[in-house]
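Take a look at the structure set out below.
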Amino acid sequence: MAEVIVLRDEEIEGLVTFEETMEMVEKAFADFYQGHSSVFPVVREEIEKHQGIFGVKSGYLAKDEVLGFKAGGFWLNNGQKGLTNHQSTMVLFDPLTGRPKALLGANYITKIRTAALGAIGCKYLARQDSKIITVIGAGLQGRNQLLASLNVLPSIEEIRVYDLNIEYAKMMVKEMNEEIEPSIQAFGDAEEACRGTDVILTTTPSYKFIVKNEWINKGTHLNCIGSDTKGKQEIDPQIFTRAKIVVDNLEQCITIGETQHAYNLGVIDKEDIYAEIGSVVSTGSPVRTNSSEITIFDTTGVTIQDLIVAGKVIEKAESLSKGTKVIV
Ligand SMILES: NC(=O)c1ccc[n+]([C@@H]2O[C@H](COP(=O)([O-])OP(=O)(O)OC[C@H]3O[C@@H](n4cnc5c(N)ncnc54)[C@H](O)[C@@H]3O)[C@@H](O)[C@H]2O)c1
């Protein structure tokens, strides 16, 4: 028999702040780069009948002694059922014995860890004097990534939001207008939203690229968040030939990330990828060497992000006597 702590998403919200999560996620990538963590092969498969994508991401953080997995994925039609499209649950185990330790709703963990890594991408790659951000995709990640990037890009004055459905873009603008200072506007045309911008955040589940190479000026940074599955695509592969590329995890990005397309087409090789984010945060040396470089950060989401946050959540929940204990 093992005692397992069960935590609902609502109980987890408020246990970790965005700033703490950014610090934890940077540390997780630095530890991984230095060989202290293991990332096991990712499962990511289509459940065609229900327009879902089911995945399992698992790993082990030796320094923090966190072992476990996150399972779930993306269900395209959940919105019509009043649910978020992204659904995640985590299970943690005692690394010393393999016995189950915790069961967590992981939608909030996914949200905050993805936001943190997006912000880390902008912090290390985007120009610090960036003034305009374009968000492609006005969903959960669009909002999430925008708020995260504003934390690390202090000079932003203008935000442009493009969505396939202009009504979604307008809705996001209306909501966020009250939350943020820079001016924010909905765009019905992707080209108009991208031309002349400084930072592009792509946050859609698209399978066909939206952002074209010829729209991208020198000095632009692109944070590619939406492509996390075979076939998903948001930006023109030709942009990769002009850019300095940083990925969260090389193997994941060439198989399920935005990078898969440029790599599969032979537009770039593995050697053309400048670095993994772990090496960037470990060395702390700037990726961008001048203001005219184009930079890409491709993130697919790595298990170490989920594990580090979940480990801290359990620690805090136990110290505050939160959650429900069950015997399994
Ligand atoms: N990299 C990561 O770690 C990570 C984490 C979470 C989610 N994701 C991925 O991010 C993507 C978005 O997730 P979400 O939860 O925000 O979804 P969502 O359904 O809440 O929002 C997606 C938005 O994109 C819009 N859209 C779809 N196709 C488009 C297109 N071709 N052009 C413009 N807009 C388009 C939709 O209308 C919708 O408003 C998914 O692919 C998801 O799997 C990645």
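Every chain in the structure tokens has a letter given in the order shown (A, B, ...), and although residue numbers restart at 1 in each chain, ligands are simply numbered from 1 in the order shown.
Residues in contact with Asp272 of chain A at 10 Å, where only C-alpha atoms are counted and same-chain residues fewer than 6 positions away are skipped, are listed as Phe240, Thr241, Ala243, Lys244, Ile245, Val246 and Tyr263 of chain A.
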Write a file of the just-selected residues containing C-alpha atoms, as an mmCIF file, in the first residue's frame.
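The resulting file, result-v6.cif, is reproduced below:
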```cif
data_model
loop_
_atom_site.group_PDB
_atom_site.id
_atom_site.type_symbol
_atom_site.label_atom_id
_atom_site.label_comp_id
_atom_site.auth_asym_id
_atom_site.auth_seq_id
_atom_site.Cartn_x
_atom_site.Cartn_y
_atom_site.Cartn_z
ATOM 1 C CA PHE A 240 15.038 28.866 -40.602
ATOM 2 C CA THR A 241 17.688 29.511 -43.282
ATOM 3 C CA ALA A 243 17.713 32.591 -38.394
ATOM 4 C CA LYS A 244 19.734 31.674 -35.333
ATOM 5 C CA ILE A 245 17.778 28.738 -33.937
ATOM 6 C CA VAL A 246 17.462 27.719 -30.292
ATOM 7 C CA TYR A 263 14.790 19.604 -40.936
#
```
### Query
Which neighbours of segment 17-26 of chain A fall inside 6 Å, counting only C-alpha atoms, when residues of the same chain fewer than 2 positions from it are skipped, and could you give them as a ChimeraX atom specification?
/A:28-29,116,305
Selection file, N, CA and C atoms, as a PDB file, in the first residue's frame:
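Here's the written file result05.pdb:
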```pdb
ATOM      1  N   ALA A  28      15.877  23.806 -14.262  1.00  0.00           N
ATOM      2  CA  ALA A  28      15.622  22.463 -14.799  1.00  0.00           C
ATOM      3  C   ALA A  28      16.389  22.263 -16.112  1.00  0.00           C
ATOM      4  N   PHE A  29      16.381  23.296 -16.960  1.00  0.00           N
ATOM      5  CA  PHE A  29      17.099  23.163 -18.239  1.00  0.00           C
ATOM      6  C   PHE A  29      18.611  23.170 -18.036  1.00  0.00           C
ATOM      7  N   ALA A 116       6.377  30.199 -18.689  1.00  0.00           N
ATOM      8  CA  ALA A 116       7.731  30.490 -18.195  1.00  0.00           C
ATOM      9  C   ALA A 116       8.771  30.235 -19.273  1.00  0.00           C
ATOM     10  N   GLN A 305      10.238  20.442 -17.323  1.00  0.00           N
ATOM     11  CA  GLN A 305       9.471  21.630 -16.902  1.00  0.00           C
ATOM     12  C   GLN A 305       8.328  21.214 -15.979  1.00  0.00           C
TER      13      GLN A 305
END
```
### Task
Go through A:Gly311, A:Glu175, A:Gly231, A:Ile239 one by one, measure the shortest atom-to-atom distance of each to Asn213 of chain A using only C-alpha atoms, and give the residue with the smallest value.
A:Ile239
#### Entry: Selection near Glu258 of chain A, 12 Å with only C-alpha atoms, sequence-local residues under 5 positions removed, as a ChimeraX atom specification
/A:202-211,222-240,245-253,263-264,296-301
Would you mind exporting the chosen residues as an mmCIF file, in the first residue's frame, restricted to C-alpha atoms?
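result-v1.cif, written as the output of this step:
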```cif
data_model
loop_
_atom_site.group_PDB
_atom_site.id
_atom_site.type_symbol
_atom_site.label_atom_id
_atom_site.label_comp_id
_atom_site.auth_asym_id
_atom_site.auth_seq_id
_atom_site.Cartn_x
_atom_site.Cartn_y
_atom_site.Cartn_z
ATOM 1 C CA THR A 202 2.885 31.593 -32.666
ATOM 2 C CA THR A 203 0.305 29.773 -30.559
ATOM 3 C CA THR A 204 -2.035 27.843 -32.865
ATOM 4 C CA PRO A 205 -2.661 24.127 -33.540
ATOM 5 C CA SER A 206 -2.212 24.763 -37.285
ATOM 6 C CA TYR A 207 -0.949 22.079 -39.705
ATOM 7 C CA LYS A 208 -0.063 24.602 -42.429
ATOM 8 C CA PHE A 209 2.315 27.513 -42.054
ATOM 9 C CA ILE A 210 0.764 30.915 -41.427
ATOM 10 C CA VAL A 211 3.788 33.246 -41.158
ATOM 11 C CA LEU A 222 9.925 34.266 -33.318
ATOM 12 C CA ASN A 223 8.770 32.194 -30.338
ATOM 13 C CA CYS A 224 7.214 29.024 -31.802
ATOM 14 C CA ILE A 225 4.909 27.493 -29.210
ATOM 15 C CA GLY A 226 2.011 25.812 -31.033
ATOM 16 C CA SER A 227 3.808 23.027 -32.947
ATOM 17 C CA ASP A 228 4.220 20.161 -30.522
ATOM 18 C CA THR A 229 3.107 17.221 -32.670
ATOM 19 C CA LYS A 230 4.135 15.596 -35.940
ATOM 20 C CA GLY A 231 2.737 17.675 -38.805
ATOM 21 C CA LYS A 232 1.836 20.836 -36.889
ATOM 22 C CA GLN A 233 3.313 23.929 -38.535
ATOM 23 C CA GLU A 234 3.069 27.694 -38.045
ATOM 24 C CA ILE A 235 5.997 29.373 -39.822
ATOM 25 C CA ASP A 236 7.573 29.137 -43.276
ATOM 26 C CA PRO A 237 10.518 26.668 -43.137
ATOM 27 C CA GLN A 238 12.568 29.142 -45.215
ATOM 28 C CA ILE A 239 12.741 31.472 -42.188
ATOM 29 C CA PHE A 240 15.038 28.866 -40.602
ATOM 30 C CA ILE A 245 17.778 28.738 -33.937
ATOM 31 C CA VAL A 246 17.462 27.719 -30.292
ATOM 32 C CA VAL A 247 15.338 24.707 -29.309
ATOM 33 C CA ASP A 248 14.128 23.358 -25.985
ATOM 34 C CA ASN A 249 15.136 19.803 -26.891
ATOM 35 C CA LEU A 250 16.833 18.923 -30.167
ATOM 36 C CA GLU A 251 15.356 15.441 -30.668
ATOM 37 C CA GLN A 252 11.826 16.585 -29.785
ATOM 38 C CA CYS A 253 12.011 19.689 -31.966
ATOM 39 C CA TYR A 263 14.790 19.604 -40.936
ATOM 40 C CA ASN A 264 12.695 17.103 -42.934
ATOM 41 C CA ILE A 296 13.798 31.489 -33.477
ATOM 42 C CA PHE A 297 12.987 29.720 -30.235
ATOM 43 C CA ASP A 298 11.200 26.429 -30.857
ATOM 44 C CA THR A 299 9.560 24.857 -27.827
ATOM 45 C CA THR A 300 7.667 21.590 -27.734
ATOM 46 C CA GLY A 301 7.467 21.352 -23.952
#
```
### Message
Can you tell me which residues surround Leu104 of chain A at a distance of at most 7 Å, considering only C-alpha atoms, apart from same-chain residues fewer than 2 positions away, and format the answer as a ChimeraX atom specification?
### Response
/A:6-8,89-91,102,106
### Task
Could you give me, as number ranges by chain, the residues within 10 Å of Glu192 of chain A, counting only C-alpha atoms and dropping anything in the same chain fewer than 2 positions from it?
A: 134, 160, 162, 187-190, 194-197, 215
